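The file work11.csv contains CSV, C-alpha atoms:
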```
chain,number,residue,atom,x,y,z
A,1,MET,CA,-17.5,-1.7,-11.3
A,2,GLN,CA,-20.8,-1.5,-13.1
A,3,CYS,CA,-22.7,1.7,-12.5
A,4,GLY,CA,-26.3,2.3,-13.8
A,5,PHE,CA,-27.2,0.2,-16.8
A,6,GLY,CA,-23.8,0.3,-18.5
A,7,PRO,CA,-20.4,-1.2,-17.8
A,8,TYR,CA,-18.1,1.3,-16.2
A,9,THR,CA,-14.7,0.5,-14.7
A,10,GLU,CA,-13.7,4.0,-13.6
A,11,VAL,CA,-12.4,4.0,-10.0
A,12,ARG,CA,-13.8,6.8,-7.9
A,13,ALA,CA,-13.7,7.7,-4.2
A,14,PRO,CA,-16.7,6.6,-2.1
A,15,GLY,CA,-19.4,9.3,-2.0
A,16,ALA,CA,-18.5,10.7,-5.4
A,17,MET,CA,-21.4,11.3,-7.9
A,18,LEU,CA,-22.2,8.0,-9.5
A,19,ASP,CA,-22.7,8.7,-13.1
A,20,GLY,CA,-23.7,12.3,-13.4
A,21,HIS,CA,-20.5,13.5,-14.9
A,22,MET,CA,-19.3,10.4,-16.6
A,23,ASN,CA,-20.1,11.3,-20.2
A,24,ARG,CA,-21.8,14.7,-20.7
A,25,ALA,CA,-21.3,14.6,-24.5
A,26,HIS,CA,-23.0,11.4,-25.4
A,27,PRO,CA,-26.3,9.9,-24.0
A,28,HIS,CA,-26.0,6.4,-22.8
A,29,LEU,CA,-27.3,3.7,-25.1
A,30,HIS,CA,-29.6,2.2,-22.5
A,31,ASP,CA,-31.2,5.6,-21.9
A,32,VAL,CA,-31.9,5.9,-25.7
A,33,LEU,CA,-33.5,2.4,-25.6
A,34,ILE,CA,-35.6,3.3,-22.6
A,35,ALA,CA,-36.9,6.5,-24.3
A,36,VAL,CA,-37.7,4.7,-27.6
A,37,ILE,CA,-39.5,1.8,-25.9
A,38,SER,CA,-41.5,4.1,-23.6
A,39,LEU,CA,-42.5,6.3,-26.6
A,40,ALA,CA,-43.6,3.2,-28.5
A,41,PHE,CA,-45.8,2.0,-25.6
A,42,GLY,CA,-47.2,5.5,-25.2
A,43,VAL,CA,-48.2,5.6,-28.8
A,44,LEU,CA,-49.7,2.1,-28.5
A,45,PHE,CA,-51.8,3.2,-25.4
A,46,TRP,CA,-53.0,6.3,-27.4
A,47,ALA,CA,-53.9,4.1,-30.4
A,48,PHE,CA,-56.1,1.9,-28.2
A,49,GLY,CA,-57.6,4.8,-26.4
A,50,LEU,CA,-56.0,4.1,-23.0
A,51,TYR,CA,-55.8,7.3,-21.0
A,52,MET,CA,-54.9,8.3,-17.4
A,53,ASN,CA,-57.2,11.3,-17.0
A,54,LEU,CA,-60.8,10.2,-17.1
A,55,SER,CA,-62.5,13.2,-15.5
A,56,GLY,CA,-63.1,15.0,-18.8
A,57,HIS,CA,-62.7,18.5,-17.2
A,58,TRP,CA,-60.2,21.0,-18.6
A,59,VAL,CA,-58.7,18.3,-20.9
A,60,LEU,CA,-57.2,18.6,-24.3
A,61,HIS,CA,-58.5,15.7,-26.3
A,62,GLY,CA,-57.2,13.6,-29.1
A,63,SER,CA,-53.6,13.7,-30.3
A,64,TRP,CA,-52.6,16.4,-27.8
A,65,VAL,CA,-51.5,13.6,-25.5
A,66,LEU,CA,-48.7,12.8,-27.8
A,67,LEU,CA,-46.9,16.2,-27.3
A,68,PRO,CA,-46.0,15.6,-23.6
A,69,LEU,CA,-45.3,12.0,-24.4
A,70,THR,CA,-42.8,12.9,-27.0
A,71,ALA,CA,-41.2,15.6,-24.9
A,72,MET,CA,-40.9,13.3,-21.9
A,73,ALA,CA,-39.3,10.6,-24.2
A,74,ALA,CA,-36.8,13.2,-25.4
A,75,LEU,CA,-35.9,14.0,-21.8
A,76,GLU,CA,-35.4,10.3,-21.0
A,77,VAL,CA,-32.5,10.3,-23.4
A,78,PHE,CA,-30.5,12.6,-21.0
A,79,ARG,CA,-31.7,11.0,-17.7
A,80,ARG,CA,-28.1,9.9,-16.9
A,81,THR,CA,-26.0,12.8,-18.3
A,82,HIS,CA,-28.2,15.7,-17.1
A,83,PRO,CA,-30.3,14.3,-14.3
A,84,ARG,CA,-31.3,17.4,-12.5
A,85,THR,CA,-32.0,19.5,-15.6
A,86,VAL,CA,-34.2,16.9,-17.3
A,87,LEU,CA,-36.1,16.5,-14.0
A,88,LEU,CA,-36.9,20.2,-13.7
A,89,LEU,CA,-38.1,20.1,-17.4
A,90,GLY,CA,-39.9,16.9,-16.7
A,91,VAL,CA,-42.0,18.6,-14.0
A,92,LEU,CA,-43.2,21.1,-16.6
A,93,VAL,CA,-43.9,18.4,-19.1
A,94,PHE,CA,-45.8,16.3,-16.6
A,95,ALA,CA,-47.9,19.3,-15.6
A,96,ALA,CA,-48.7,19.8,-19.3
A,97,ASP,CA,-49.7,16.1,-19.5
A,98,GLN,CA,-52.3,16.7,-16.8
A,99,CYS,CA,-54.0,19.1,-19.2
A,100,THR,CA,-54.5,16.3,-21.7
A,101,GLN,CA,-56.2,12.9,-21.4
A,102,GLY,CA,-52.9,11.6,-19.9
A,103,ASN,CA,-50.7,8.7,-20.9
A,104,LEU,CA,-49.4,5.9,-18.6
A,105,ALA,CA,-46.1,5.9,-20.4
A,106,THR,CA,-45.6,9.7,-19.8
A,107,THR,CA,-46.3,9.2,-16.1
A,108,SER,CA,-43.9,6.2,-15.9
A,109,MET,CA,-41.1,8.2,-17.6
A,110,PHE,CA,-41.6,11.0,-15.2
A,111,ALA,CA,-41.3,8.6,-12.2
A,112,ASP,CA,-38.1,7.3,-13.9
A,113,LEU,CA,-36.7,10.8,-14.2
A,114,ILE,CA,-37.1,11.2,-10.4
A,115,TYR,CA,-35.4,7.9,-9.8
A,116,ALA,CA,-32.5,8.8,-12.2
A,117,ALA,CA,-32.1,12.3,-10.6
A,118,VAL,CA,-31.6,10.7,-7.2
A,119,LEU,CA,-29.3,7.9,-8.5
A,120,TYR,CA,-27.1,9.9,-10.9
A,121,GLY,CA,-27.4,13.4,-9.6
A,122,ASP,CA,-25.0,15.1,-7.1
A,123,ASP,CA,-25.2,14.6,-3.4
A,124,GLY,CA,-27.2,17.7,-2.7
A,125,THR,CA,-29.8,16.7,-5.3
A,126,ALA,CA,-29.9,13.1,-4.0
A,127,ARG,CA,-30.6,14.4,-0.5
A,128,ARG,CA,-33.3,17.0,-1.4
A,129,ILE,CA,-35.5,15.1,-3.8
A,130,PRO,CA,-36.8,12.4,-1.3
A,131,VAL,CA,-37.6,15.2,1.1
A,132,ILE,CA,-39.4,17.3,-1.5
A,133,THR,CA,-41.4,14.3,-2.8
A,134,GLY,CA,-42.3,13.3,0.8
A,135,VAL,CA,-43.6,16.8,1.5
A,136,LEU,CA,-45.4,16.9,-1.8
A,137,THR,CA,-47.1,13.5,-1.1
A,138,ALA,CA,-48.2,14.6,2.4
A,139,VAL,CA,-49.5,18.0,1.3
A,140,SER,CA,-51.4,16.6,-1.8
A,141,THR,CA,-52.9,13.8,0.3
A,142,LEU,CA,-54.1,16.3,2.9
A,143,ALA,CA,-55.5,18.6,0.1
A,144,PHE,CA,-57.4,15.7,-1.6
A,145,VAL,CA,-58.9,14.7,1.8
A,146,LEU,CA,-60.0,18.3,2.5
A,147,LEU,CA,-61.4,19.0,-0.9
A,148,LEU,CA,-63.1,15.7,-1.7
A,149,ARG,CA,-64.0,14.7,1.9
A,150,GLU,CA,-64.1,11.1,0.7
A,151,PRO,CA,-62.0,8.0,1.8
A,152,GLU,CA,-61.1,7.6,-1.9
A,153,ALA,CA,-59.0,10.7,-1.5
A,154,LEU,CA,-56.4,8.6,0.2
A,155,LEU,CA,-56.0,6.6,-3.0
A,156,LEU,CA,-55.1,9.8,-4.9
A,157,GLY,CA,-52.5,10.5,-2.2
A,158,ALA,CA,-51.1,6.9,-2.7
A,159,LEU,CA,-51.0,7.5,-6.4
A,160,VAL,CA,-49.0,10.7,-5.9
A,161,ALA,CA,-46.6,8.7,-3.6
A,162,LEU,CA,-46.3,6.0,-6.2
A,163,VAL,CA,-45.3,8.4,-8.9
A,164,THR,CA,-43.0,10.7,-6.9
A,165,LEU,CA,-41.9,9.4,-3.4
A,166,THR,CA,-41.5,5.7,-4.3
A,167,PRO,CA,-38.9,6.3,-7.1
A,168,ALA,CA,-37.1,8.8,-5.0
A,169,ILE,CA,-36.7,6.4,-2.1
A,170,THR,CA,-35.8,3.6,-4.5
A,171,GLY,CA,-33.1,5.7,-6.1
A,172,SER,CA,-31.7,6.7,-2.8
A,173,ALA,CA,-31.5,3.1,-1.6
A,174,VAL,CA,-29.7,2.0,-4.8
A,175,ARG,CA,-27.4,5.0,-4.6
A,176,ASN,CA,-26.4,4.2,-1.0
A,177,HIS,CA,-25.9,0.5,-1.9
A,178,ARG,CA,-23.6,1.5,-4.8
A,179,LYS,CA,-21.6,3.9,-2.6
A,180,ALA,CA,-21.1,1.2,-0.1
A,181,ALA,CA,-20.0,-1.2,-2.8
A,182,GLU,CA,-17.5,1.5,-4.1
A,183,ALA,CA,-16.2,2.1,-0.6
A,184,ALA,CA,-15.7,-1.7,-0.2
A,185,GLU,CA,-13.9,-1.9,-3.5
A,186,LEU,CA,-11.7,1.1,-2.6
A,187,ARG,CA,-10.8,-0.5,0.7
A,188,ALA,CA,-10.0,-3.8,-1.1
A,189,GLU,CA,-7.7,-1.9,-3.5
A,190,GLN,CA,-6.0,-0.1,-0.6
A,191,THR,CA,-5.6,-3.3,1.3
A,192,ALA,CA,-4.0,-4.9,-1.8
A,193,LEU,CA,-1.8,-1.9,-2.3
A,194,LEU,CA,-0.6,-2.1,1.4
A,195,ALA,CA,0.0,-5.8,1.1
A,196,GLU,CA,2.1,-5.2,-2.0
A,197,MET,CA,4.0,-2.5,-0.3
A,198,ASP,CA,4.6,-4.8,2.7
A,199,ARG,CA,5.8,-7.5,0.4
A,200,THR,CA,8.1,-5.1,-1.4
A,201,GLN,CA,9.5,-3.9,1.9
A,202,ALA,CA,10.0,-7.4,3.2
A,203,VAL,CA,11.8,-8.4,0.0
A,204,THR,CA,14.0,-5.3,0.2
A,205,ALA,CA,14.8,-5.9,3.8
A,206,GLU,CA,15.6,-9.6,3.1
A,207,ARG,CA,17.9,-8.6,0.2
A,208,ALA,CA,19.7,-6.1,2.4
A,209,ARG,CA,20.1,-8.8,5.2
A,210,MET,CA,21.4,-11.4,2.8
A,211,ALA,CA,23.8,-8.8,1.3
A,212,ARG,CA,25.1,-8.0,4.8
A,213,GLU,CA,25.6,-11.7,5.5
A,214,LEU,CA,27.3,-12.4,2.2
A,215,HIS,CA,29.6,-9.4,2.7
A,216,ASP,CA,30.5,-10.2,6.3
A,217,MET,CA,31.0,-13.9,5.8
A,218,VAL,CA,33.1,-13.8,2.6
A,219,ALA,CA,34.8,-10.4,2.5
A,220,ASN,CA,37.2,-11.2,5.3
A,221,HIS,CA,38.5,-14.4,3.6
A,222,LEU,CA,38.7,-12.8,0.1
A,223,SER,CA,40.6,-9.7,1.5
A,224,ALA,CA,43.1,-12.1,3.2
A,225,ILE,CA,43.5,-14.0,-0.1
A,226,ALA,CA,44.1,-10.8,-2.0
A,227,ILE,CA,46.7,-9.4,0.4
A,228,HIS,CA,48.6,-12.6,0.8
A,229,SER,CA,48.6,-13.4,-3.0
A,230,THR,CA,50.0,-9.9,-3.5
A,231,ALA,CA,52.8,-10.6,-1.0
A,232,ALA,CA,53.5,-14.0,-2.7
A,233,LEU,CA,53.8,-12.4,-6.1
A,234,SER,CA,56.0,-9.5,-4.9
A,235,LEU,CA,58.5,-11.4,-2.8
A,236,ASP,CA,61.0,-13.9,-4.2
A,237,ASP,CA,61.2,-15.9,-1.0
A,238,PRO,CA,60.2,-19.5,-1.0
A,239,LYS,CA,59.3,-19.5,2.7
A,240,THR,CA,57.2,-16.4,2.5
A,241,THR,CA,55.5,-17.7,-0.6
A,242,ARG,CA,54.7,-21.0,1.1
A,243,ASP,CA,53.3,-19.2,4.2
A,244,ALA,CA,51.2,-16.9,2.0
A,245,LEU,CA,49.9,-19.9,0.0
A,246,ALA,CA,49.0,-21.7,3.2
A,247,VAL,CA,47.0,-18.6,4.4
A,248,ILE,CA,45.4,-18.3,1.0
A,249,ARG,CA,44.3,-22.0,1.1
A,250,GLU,CA,43.0,-21.7,4.6
A,251,ASN,CA,40.9,-18.6,3.8
A,252,SER,CA,39.7,-20.2,0.5
A,253,VAL,CA,38.4,-23.3,2.3
A,254,GLU,CA,36.7,-21.3,5.0
A,255,GLY,CA,35.2,-18.9,2.5
A,256,LEU,CA,33.8,-21.8,0.5
A,257,ALA,CA,32.3,-23.2,3.7
A,258,GLU,CA,30.7,-19.9,4.5
A,259,MET,CA,29.3,-19.7,0.9
A,260,ARG,CA,27.9,-23.2,1.2
A,261,ARG,CA,26.2,-22.3,4.4
A,262,LEU,CA,24.7,-19.2,2.9
A,263,ILE,CA,23.5,-21.1,-0.2
A,264,GLY,CA,22.0,-23.6,2.2
A,265,ILE,CA,20.0,-20.8,3.9
A,266,LEU,CA,18.7,-19.5,0.6
A,267,ARG,CA,17.6,-23.0,-0.5
A,268,ASP,CA,16.0,-23.9,2.8
A,269,ASP,CA,12.2,-24.2,2.6
A,270,SER,CA,11.7,-24.6,6.3
A,271,GLY,CA,11.2,-20.9,6.9
A,272,ASP,CA,14.4,-20.5,8.9
A,273,LEU,CA,16.1,-17.3,7.7
A,274,GLU,CA,19.1,-17.6,10.0
A,275,PRO,CA,21.6,-20.4,10.1
A,276,ALA,CA,20.9,-23.2,12.6
A,277,ALA,CA,24.0,-22.1,14.6
A,278,ALA,CA,24.3,-18.4,14.1
A,279,PRO,CA,27.7,-17.0,15.1
A,280,THR,CA,28.0,-15.6,18.6
A,281,LEU,CA,30.6,-13.6,20.6
A,282,ASP,CA,32.1,-17.0,21.7
A,283,GLY,CA,33.5,-17.2,18.2
A,284,VAL,CA,35.5,-13.9,18.6
A,285,GLY,CA,38.5,-16.0,19.7
A,286,ALA,CA,38.6,-17.8,16.4
A,287,LEU,CA,38.3,-14.5,14.6
A,288,ILE,CA,41.3,-13.2,16.5
A,289,GLU,CA,43.4,-16.3,15.7
A,290,GLN,CA,42.5,-16.0,12.1
A,291,ALA,CA,43.3,-12.3,12.0
A,292,ARG,CA,46.7,-13.0,13.7
A,293,THR,CA,47.4,-15.6,11.0
A,294,ASN,CA,46.6,-12.9,8.4
A,295,GLY,CA,49.2,-10.6,10.0
A,296,LEU,CA,47.3,-8.4,12.5
A,297,ASP,CA,48.5,-7.7,16.1
A,298,LEU,CA,45.4,-8.0,18.2
A,299,ALA,CA,44.4,-7.5,21.9
A,300,LEU,CA,41.0,-8.4,23.4
A,301,GLU,CA,39.5,-6.7,26.4
A,302,ASP,CA,36.3,-8.4,27.5
A,303,THR,CA,34.8,-6.9,30.7
A,304,ARG,CA,31.4,-8.5,30.4
A,305,PRO,CA,30.1,-10.3,33.6
A,306,PRO,CA,31.1,-14.0,33.7
A,307,GLY,CA,28.5,-16.3,32.3
A,308,SER,CA,26.5,-13.5,30.8
A,309,THR,CA,24.2,-14.4,27.9
A,310,LEU,CA,22.7,-12.1,25.2
A,311,PRO,CA,19.8,-12.4,22.8
A,312,ALA,CA,20.7,-14.1,19.6
A,313,PRO,CA,20.3,-11.0,17.4
A,314,VAL,CA,22.6,-9.0,19.6
A,315,GLU,CA,25.2,-11.8,19.6
A,316,LEU,CA,25.1,-12.1,15.8
A,317,ALA,CA,25.3,-8.3,15.3
A,318,ALA,CA,28.2,-7.9,17.7
A,319,TYR,CA,30.1,-10.8,16.1
A,320,ARG,CA,29.6,-9.4,12.6
A,321,ILE,CA,30.7,-5.9,13.7
A,322,VAL,CA,33.9,-7.4,15.1
A,323,GLN,CA,34.4,-9.5,12.0
A,324,GLU,CA,33.9,-6.6,9.6
A,325,SER,CA,36.1,-4.3,11.7
A,326,LEU,CA,39.0,-6.8,11.6
A,327,THR,CA,38.5,-7.1,7.8
A,328,ASN,CA,38.8,-3.3,7.4
A,329,ALA,CA,41.8,-3.2,9.7
A,330,LEU,CA,43.5,-5.9,7.6
A,331,LYS,CA,42.9,-3.8,4.4
A,332,HIS,CA,43.5,-0.3,5.8
A,333,ALA,CA,45.3,-0.2,9.2
A,334,ALA,CA,48.9,0.8,9.7
A,335,GLN,CA,51.3,-1.3,11.7
A,336,GLY,CA,50.4,-1.5,15.3
A,337,ASP,CA,48.0,-3.0,17.8
A,338,VAL,CA,44.3,-3.6,16.9
A,339,ARG,CA,42.3,-3.5,20.1
A,340,ILE,CA,38.9,-5.1,20.7
A,341,ARG,CA,36.8,-4.1,23.7
A,342,LEU,CA,33.6,-5.8,24.8
A,343,ALA,CA,31.6,-4.3,27.8
A,344,GLN,CA,28.1,-4.8,29.1
A,345,ALA,CA,26.5,-2.3,31.5
A,346,ASP,CA,23.2,-0.4,32.0
A,347,GLY,CA,21.4,-2.6,29.5
A,348,LEU,CA,23.9,-2.0,26.7
A,349,LEU,CA,26.5,-4.1,25.0
A,350,THR,CA,29.4,-1.9,23.9
A,351,VAL,CA,31.6,-3.2,21.0
A,352,GLU,CA,34.6,-1.1,20.3
A,353,ILE,CA,37.5,-1.8,17.8
A,354,THR,CA,40.4,0.6,17.3
A,355,SER,CA,43.2,0.4,14.8
A,356,PRO,CA,46.1,2.7,14.0
A,357,ILE,CA,46.0,5.1,11.2
A,358,GLY,CA,49.3,6.0,9.4
A,359,PRO,CA,50.7,6.8,6.0
A,360,THR,CA,49.9,3.9,3.6
A,361,GLU,CA,50.0,3.4,-0.2
A,362,GLY,CA,46.3,2.8,-0.3
A,363,PRO,CA,44.2,-0.1,0.7
A,364,ARG,CA,45.8,-3.5,0.5
A,365,ALA,CA,42.6,-4.9,-1.0
A,366,PRO,CA,39.8,-3.2,-2.9
A,367,GLY,CA,36.7,-2.3,-0.9
A,368,SER,CA,33.2,-0.8,-1.7
A,369,GLY,CA,32.3,0.8,1.6
A,370,ALA,CA,29.5,-1.7,2.1
A,371,GLY,CA,31.0,-2.9,5.4
A,372,LEU,CA,30.4,0.3,7.3
A,373,VAL,CA,26.9,0.5,5.8
A,374,GLY,CA,26.2,-3.1,7.0
A,375,MET,CA,27.5,-2.4,10.5
A,376,ARG,CA,25.4,0.7,10.8
A,377,GLU,CA,22.3,-1.2,9.6
A,378,ARG,CA,22.8,-4.0,12.1
A,379,ALA,CA,23.0,-1.5,15.0
A,380,ALA,CA,19.9,0.4,13.7
A,381,LEU,CA,17.8,-2.8,13.4
A,382,LEU,CA,18.5,-3.3,17.2
A,383,LYS,CA,17.7,0.3,18.0
A,384,GLY,CA,21.3,0.9,18.9
A,385,SER,CA,23.9,3.4,17.9
A,386,PHE,CA,27.0,3.2,15.7
A,387,THR,CA,29.9,5.5,15.0
A,388,ALA,CA,33.0,5.0,12.9
A,389,GLY,CA,35.8,7.4,12.1
A,390,PRO,CA,39.2,8.8,13.1
A,391,ALA,CA,39.9,9.7,16.8
A,392,PRO,CA,42.9,11.1,18.5
A,393,GLU,CA,45.0,9.1,21.0
A,394,ALA,CA,48.2,9.6,23.0
A,395,TYR,CA,50.4,7.9,20.4
A,396,GLY,CA,48.7,9.2,17.3
A,397,LYS,CA,45.5,8.9,15.4
A,398,ILE,CA,43.4,5.8,15.4
A,399,TRP,CA,40.3,4.6,13.6
A,400,ARG,CA,37.5,3.8,16.0
A,401,VAL,CA,34.5,1.7,15.4
A,402,ARG,CA,32.0,1.8,18.3
A,403,ALA,CA,28.5,0.2,18.6
A,404,GLU,CA,26.1,0.3,21.5
A,405,LEU,CA,23.5,-2.4,21.3
A,406,PRO,CA,20.5,-2.6,23.7
A,407,VAL,CA,20.2,-5.8,25.7
A,408,THR,CA,16.6,-6.9,26.4
A,409,GLU,CA,15.9,-6.7,30.1
A,410,GLY,CA,16.1,-10.1,31.8
A,411,GLU,CA,18.2,-11.6,29.0
A,412,SER,CA,21.5,-11.2,30.7
A,413,ALA,CA,22.5,-13.4,33.6
```
Output the file's structure in the form of structure tokens.
Amino acid sequence: MQCGFGPYTEVRAPGAMLDGHMNRAHPHLHDVLIAVISLAFGVLFWAFGLYMNLSGHWVLHGSWVLLPLTAMAALEVFRRTHPRTVLLLGVLVFAADQCTQGNLATTSMFADLIYAAVLYGDDGTARRIPVITGVLTAVSTLAFVLLLREPEALLLGALVALVTLTPAITGSAVRNHRKAAEAAELRAEQTALLAEMDRTQAVTAERARMARELHDMVANHLSAIAIHSTAALSLDDPKTTRDALAVIRENSVEGLAEMRRLIGILRDDSGDLEPAAAPTLDGVGALIEQARTNGLDLALEDTRPPGSTLPAPVELAAYRIVQESLTNALKHAAQGDVRIRLAQADGLLTVEITSPIGPTEGPRAPGSGAGLVGMRERAALLKGSFTAGPAPEAYGKIWRVRAELPVTEGESA
């Protein structure tokens, strides 16, 4: 942002002092030029005998006029870096100028010091100077009228206003305009920052969503392939090997189909972030059949009201939780029944999967723990609850996965 007469790009909060503390050490080049040009015009006015004070009373004649002219020009050099100090000194120099024949350049530079003090000074200075110059104008005009008792006295009051009040009001207006511009720039920067944060959060959320989808769609098939390939390599039985290879082929084909669907979603420019036909709880039966093929003993208990329907996000989350739980059971569960329970009551869909825990030689297929994280995220996105961990049962310990997903009112039949 440009402030004053020079290019500054420093970012400041709205209401901060505009240029008063920008560079205390070095005067601004434009201020030096203003001082030099004003001094040159003042000397030219003196050379041609052009003076301001024509009364001839209590006046120092001749070259005395050059002393306040030179002093005022020196103060102009620091009009931006020390605005209040040079104004206080400028009042003394201007008073001294009234004891000479006066110079238009000296008066003009004094008016500029008032303008610069309001524009570049601190907030207190910027508020006080217009009030002081306004009072000074009113008092001096009244004094001229009472002393001279002539209408021309009003012209002297107007001259005082032109030299003091006018530059103060002008500086205040410019200062307010620049503060408003700075505030608008700051708001624009904040808006851009918020937009970038929103974009980053959206990208992060989408990456997490796609990671969950990729894990849930493919991990089950790859886990089955790893388990059955291990069995095929460890057993020297042609029938067992053929059965294992059949399961491997089936899971490979289904895994590739899921991968193609996911890639299709990523390449789709239509704006659809979910597949055209997202999985629902109606597909749990197919999951169970596949899991049985992979060697799990499964039992399903579905106590939902007949014909009930759920919102698509709830259906998808419940399906993925069941799918991932079966994948984990395939990798970690001991021999025994794996039970799936679906229930819907009091505006909640309850999904619970239990599997037996027993002594094992470790997981049948490697895992990263992302499955539990993904299930917990799915429940949290729907404002639901999720728990997973060991739990006691009459016949031993089990691993229980339980999710409670809110169902939007009116969505269930």
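The interatomic distance for the pair atom CA of A:Thr166 and atom CA of A:Phe110 works out to 12.1 Å.
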**Request:** Return the single residue from A:Phe386, A:Tyr120, A:Phe94, A:Phe41 that is closest to A:Phe78, with distances computed using only C-alpha atoms.
**Result:** A:Tyr120
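Distance-wise, atom CA of A:Asn53 and atom CA of A:Pro68 end up 13.7 Å apart.
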**Message:** Can you tell me which residues surround A:Thr100 at a distance of at most 9 Å, considering all atoms listed in the file, apart from same-chain residues fewer than 2 positions away, and format the answer as a list in words?
**Reply:** Asn53, Trp58, Val59, Leu60, His61, Gly62, Trp64, Val65, Pro68, Ala96, Asp97, Gln98, Gly102 and Asn103 of chain A
**Message:** When you look at stretch 137-152 of chain A with a cut-off of 8 Å (counting only C-alpha atoms), what residues show up, excluding the ones that are within fewer than 4 positions of it in the same chain? I need them as a PyMOL selection string.
**Reply:** chain A and resi 133+156-158+160-161+164-165
**Request:** Quick one: pull the distance between atom CA of A:Ser63 and atom CA of A:Trp46, Å, one decimal.
**Result:** 8.0 Å
**Message:** Measuring between all atoms listed in the file, which one of A:Ala312, A:Val86, A:Leu281, A:Leu154 shows the shortest distance to A:Leu113?
**Reply:** A:Val86
**Complete:** Closest of A:Ala334, A:Val284, A:Val253, A:Met375 to A:Tyr319, counting only C-alpha atoms, is A:Val284
**Fill in**
Judged by only C-alpha atoms, the minimum distance to A:Pro311 among A:Leu330, A:Leu348, A:His28, A:Arg341 is found for A:Leu348
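In this comparison, which uses only C-alpha atoms, the residue of A:Ala105, A:Leu298, A:Ala208, A:Val338 approaching A:Glu377 most closely is A:Ala208.
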**Request:** Mind checking which residues fall within 8 Å of A:Arg402, counting only C-alpha atoms, ignoring those fewer than 6 positions away in the same chain, and posting them as an MDAnalysis selection string?
**Result:** chainID A and resid 350:353 386:388
